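Chemist: Can you keep this structure in mind? I'll have questions shortly.
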Amino acid sequence: MTDSSATPLSPSSADFSFDVEHRLETGGAIGRTGAPLGRAGTIHTPHGDIQTPAFIPVGTKATVKSLLPETVGQLGGQAVLANAYHLFLQPGSDIVDEAGGFGKFMNWHGPTFTDSGGFQVMSLGVGFKKVISMSEKTHAEAEVIAKTKERLAHVDEDGVTFKSFINGDKHRFTPEISMQIQHQLGADIMFAFDELTTLLDSRAYQEDSVERTERWAVRCLDEHARQTAERQHRPYQALFGVVQGAQYEDLRRRAASGLAGLRGATATEQEFDGFGIGGAIEKTELGEIVSWVCDELPENKPRHLLGISEPDDLFFGIAAGADTFDCVAPSRQARGGTMYSSSGRINAKAATQRRRFEALDPECDCYTCENYTAAYLHHLFKAKEMLGSTLATIHNERFIVRLVDQIRQSIIDGTFVELREEVLTKQYGADFARAAAARYSA
């Protein structure tokens, strides 16, 4: 990682680029041109390189909960993603800007991401707070609003009006405001403001939303160009467009191809530097939907799959062409005692762990597993000691970061299929692993 003081003072899109270095030759999706969609490469940013595929730990409020920034680097994290919505509300994006950007604010010297705030505005707005429905089978309402919950966000053509979940104050996000906030937060990679829909929104609404998101994307491109020109004291910040379209192949492809060729209305030379794949996705269809999108996106630009971290989803997403991933699940689950392991999930609070005087996962190389026993971790959770969250989060983040690093190496070595079978068999059983392999056997 390079120090931010070494970055050029005059921002230029040339400071951000992506190189494809290896292709997934077997075991992955094939695009319409006959070329494999899965790949390994390098994203170059003003604050260092990201070897892809890569999992990006989430530091929602400019902190990966319970961890020092130095610890995130030690466990293999190449970059950190923070949340524009939360940092706008607290401490305020102007304060983060004055501090030199959220990376400097939190003492993280590597590459950084911020999301647009769209996910939080809408997920809080529909009343489910941290959860967007990932299955059509679990809800039956035509309009996805949690019963007994007040809707905290309202969408119109210009943007979204919402109430703060902290104190109820009313705020307004538009594409322009999201760009201004994210420029103040100073991330190397940021995302265009989009409308997040759920799986239960009607086909007609999904169509309207895709078109609205594209109109907002043009406004984001224009404001991004204006902010870049005005903020000559900061390195270039890459802007990713976000592809929506729910479960519909034609909408996903239309949205992806539309964003791929989009330019600003006034800043006609400004285009997207990469792309995010967003929206609620039925888990069983994740790989196929990602492949539709990646098939339409340019080869020379990175693709980030938002909100994904489960082992099976990572294999399917990478096989379909995604390059980077983020999710709060590893740290959130860790704080509750739910632990990843090489043989499947472990509940650190379970009685079976009480007298287990060995590493939680003997195959893991993380600081926690090398220095502490499952019995001690069990004790910390039962005693409600803060150290429990720290040690558990180190393990979970390391597990997912290392898994994606292993997948990257398997693409380079040509052992992706073997690694997928081994990992998915241990995590979900042999039948699941065989079914996963069958998706790409044709």
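Every chain in the structure tokens has a letter given in the order shown (A, B, ...), and although residue numbers restart at 1 in each chain, ligands are simply numbered from 1 in the order shown.
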Which region 188-270 of chain A residues have any atom within 8 Å of an atom of region 27-49 of chain A, and for each, what is the nearest pair of atoms with distance in Å to one decimal, counting only C-alpha atoms, rows sorted by chain and number, as JSON lines?
Modeler:
```
{"residue": "A:Asp188", "atom": "CA", "partner": "A:Thr45", "partner_atom": "CA", "distance": 6.4}
{"residue": "A:Pro235", "atom": "CA", "partner": "A:Pro46", "partner_atom": "CA", "distance": 6.5}
{"residue": "A:Tyr236", "atom": "CA", "partner": "A:Pro46", "partner_atom": "CA", "distance": 7.3}
```
Chemist: Please give the complete set of residues from region 195-350 of chain A that DSSP, run on the backbone, assigns to strand (DSSP E), formatted as a PyMOL selection string.
Modeler: chain A and resi 238-243+274-277+303-306+324-327+338-339+346-347
Chemist: List the neighbours of Ser389 (chain A) out to 8 Å using only C-alpha atoms; skip same-chain residues closer than 6 positions along the sequence, and give me the result as a list of chain:residue names.
Modeler: A:Ser66, A:Ala334, A:Arg335, A:Gly336, A:Gly337, A:Phe381
Chemist: What residues in region 178-402 of chain A get the DSSP label alpha helix (DSSP H)? Please answer as an NGL selection string.
Modeler: :A and (178-185 or 203-230 or 249-260 or 286-296 or 311-319 or 329-335 or 367-371 or 374-382 or 386-402)
Chemist: For the residues selected in the previous step, produce a file with C-alpha atoms as a tab-separated table (two decimals), in the first residue's frame.
Modeler:
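New file out-v2.tsv:
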```
chain	number	residue	atom	x	y	z
A	178	SER	CA	-24.61	11.67	-3.44
A	179	MET	CA	-21.68	12.63	-5.68
A	180	GLN	CA	-20.86	15.66	-3.54
A	181	ILE	CA	-20.93	13.56	-0.36
A	182	GLN	CA	-18.78	10.80	-1.86
A	183	HIS	CA	-16.24	13.29	-3.16
A	184	GLN	CA	-16.00	14.68	0.34
A	185	LEU	CA	-15.51	11.17	1.72
A	203	ARG	CA	-42.30	-5.81	-13.70
A	204	ALA	CA	-43.64	-2.40	-14.72
A	205	TYR	CA	-42.02	-0.76	-11.69
A	206	GLN	CA	-38.72	-2.54	-12.38
A	207	GLU	CA	-38.77	-1.14	-15.92
A	208	ASP	CA	-39.43	2.38	-14.65
A	209	SER	CA	-36.72	2.00	-12.03
A	210	VAL	CA	-34.07	0.87	-14.53
A	211	GLU	CA	-34.85	3.89	-16.70
A	212	ARG	CA	-34.81	6.22	-13.69
A	213	THR	CA	-31.49	4.80	-12.51
A	214	GLU	CA	-30.01	5.48	-15.96
A	215	ARG	CA	-31.26	9.06	-15.89
A	216	TRP	CA	-29.75	9.45	-12.43
A	217	ALA	CA	-26.51	7.91	-13.76
A	218	VAL	CA	-26.17	10.68	-16.36
A	219	ARG	CA	-26.57	13.26	-13.60
A	220	CYS	CA	-23.96	11.44	-11.51
A	221	LEU	CA	-21.50	11.53	-14.41
A	222	ASP	CA	-22.01	15.27	-14.86
A	223	GLU	CA	-21.65	16.05	-11.15
A	224	HIS	CA	-18.65	13.73	-10.86
A	225	ALA	CA	-16.89	15.62	-13.65
A	226	ARG	CA	-17.71	18.95	-12.01
A	227	GLN	CA	-16.46	17.81	-8.60
A	228	THR	CA	-13.28	16.36	-10.11
A	229	ALA	CA	-12.53	19.66	-11.85
A	230	GLU	CA	-13.18	21.68	-8.71
A	249	GLU	CA	-32.63	-11.00	-18.21
A	250	ASP	CA	-33.75	-8.37	-20.70
A	251	LEU	CA	-33.77	-5.64	-18.04
A	252	ARG	CA	-30.38	-6.64	-16.64
A	253	ARG	CA	-28.82	-6.73	-20.10
A	254	ARG	CA	-30.48	-3.46	-21.09
A	255	ALA	CA	-29.31	-1.76	-17.91
A	256	ALA	CA	-25.73	-3.06	-18.29
A	257	SER	CA	-25.33	-2.19	-21.95
A	258	GLY	CA	-26.92	1.20	-21.36
A	259	LEU	CA	-24.54	2.12	-18.56
A	260	ALA	CA	-21.56	0.73	-20.48
A	286	LEU	CA	-27.17	-15.30	-8.61
A	287	GLY	CA	-24.62	-16.81	-10.98
A	288	GLU	CA	-26.88	-16.61	-14.01
A	289	ILE	CA	-27.93	-13.02	-13.34
A	290	VAL	CA	-24.32	-11.90	-12.82
A	291	SER	CA	-23.33	-13.60	-16.07
A	292	TRP	CA	-26.03	-11.68	-18.00
A	293	VAL	CA	-24.65	-8.42	-16.68
A	294	CYS	CA	-20.96	-9.21	-17.16
A	295	ASP	CA	-21.65	-10.40	-20.70
A	296	GLU	CA	-22.76	-6.85	-21.55
A	311	PRO	CA	-18.71	-19.11	-0.02
A	312	ASP	CA	-21.08	-20.52	-2.66
A	313	ASP	CA	-22.08	-17.04	-3.86
A	314	LEU	CA	-18.42	-16.07	-4.21
A	315	PHE	CA	-17.68	-19.07	-6.43
A	316	PHE	CA	-20.76	-18.43	-8.55
A	317	GLY	CA	-20.11	-14.69	-8.79
A	318	ILE	CA	-16.47	-15.13	-9.80
A	319	ALA	CA	-17.35	-17.84	-12.33
A	329	ALA	CA	-22.03	-10.49	6.99
A	330	PRO	CA	-18.59	-11.78	8.11
A	331	SER	CA	-18.26	-9.15	10.84
A	332	ARG	CA	-21.94	-9.04	11.78
A	333	GLN	CA	-22.19	-12.81	12.12
A	334	ALA	CA	-18.93	-12.89	14.07
A	335	ARG	CA	-20.30	-10.51	16.69
A	367	TYR	CA	-4.40	-14.66	14.41
A	368	THR	CA	-7.33	-15.97	16.44
A	369	CYS	CA	-6.93	-19.61	15.43
A	370	GLU	CA	-3.15	-19.49	15.85
A	371	ASN	CA	-3.32	-18.07	19.40
A	374	ALA	CA	-12.48	-22.53	20.77
A	375	ALA	CA	-13.08	-22.92	24.53
A	376	TYR	CA	-11.67	-19.47	25.23
A	377	LEU	CA	-13.75	-17.91	22.46
A	378	HIS	CA	-16.82	-19.65	23.89
A	379	HIS	CA	-16.00	-18.21	27.31
A	380	LEU	CA	-15.64	-14.67	25.94
A	381	PHE	CA	-19.06	-14.80	24.29
A	382	LYS	CA	-20.75	-16.29	27.33
A	386	MET	CA	-15.70	-7.33	23.99
A	387	LEU	CA	-12.61	-9.33	23.04
A	388	GLY	CA	-14.90	-12.08	21.79
A	389	SER	CA	-16.19	-9.86	18.98
A	390	THR	CA	-12.66	-8.82	18.03
A	391	LEU	CA	-11.25	-12.35	17.84
A	392	ALA	CA	-14.32	-13.69	16.05
A	393	THR	CA	-14.29	-10.87	13.50
A	394	ILE	CA	-10.59	-11.40	12.78
A	395	HIS	CA	-11.36	-15.04	12.01
A	396	ASN	CA	-14.44	-14.48	9.84
A	397	GLU	CA	-12.90	-11.66	7.81
A	398	ARG	CA	-9.69	-13.64	7.30
A	399	PHE	CA	-11.66	-16.73	6.26
A	400	ILE	CA	-13.54	-14.91	3.48
A	401	VAL	CA	-10.57	-12.78	2.36
A	402	ARG	CA	-8.38	-15.89	2.17
```
Chemist: Need the shell around region 103-114 of chain A: protein/DNA/RNA residues with any atom at most 7 Å away, counting only C-alpha atoms. Skip same-chain ones fewer than 3 positions apart. Format as number ranges by chain?
Modeler: A: 1-4, 45, 47-48, 62-63, 69, 78-84, 96, 99-100, 182, 187-191
Chemist: Record the distance separating CA of Thr324 (chain A) and CA of Ser116 (chain A), expressed in Å with one decimal.
Modeler: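 Interatomic distance here is 16.6 Å.
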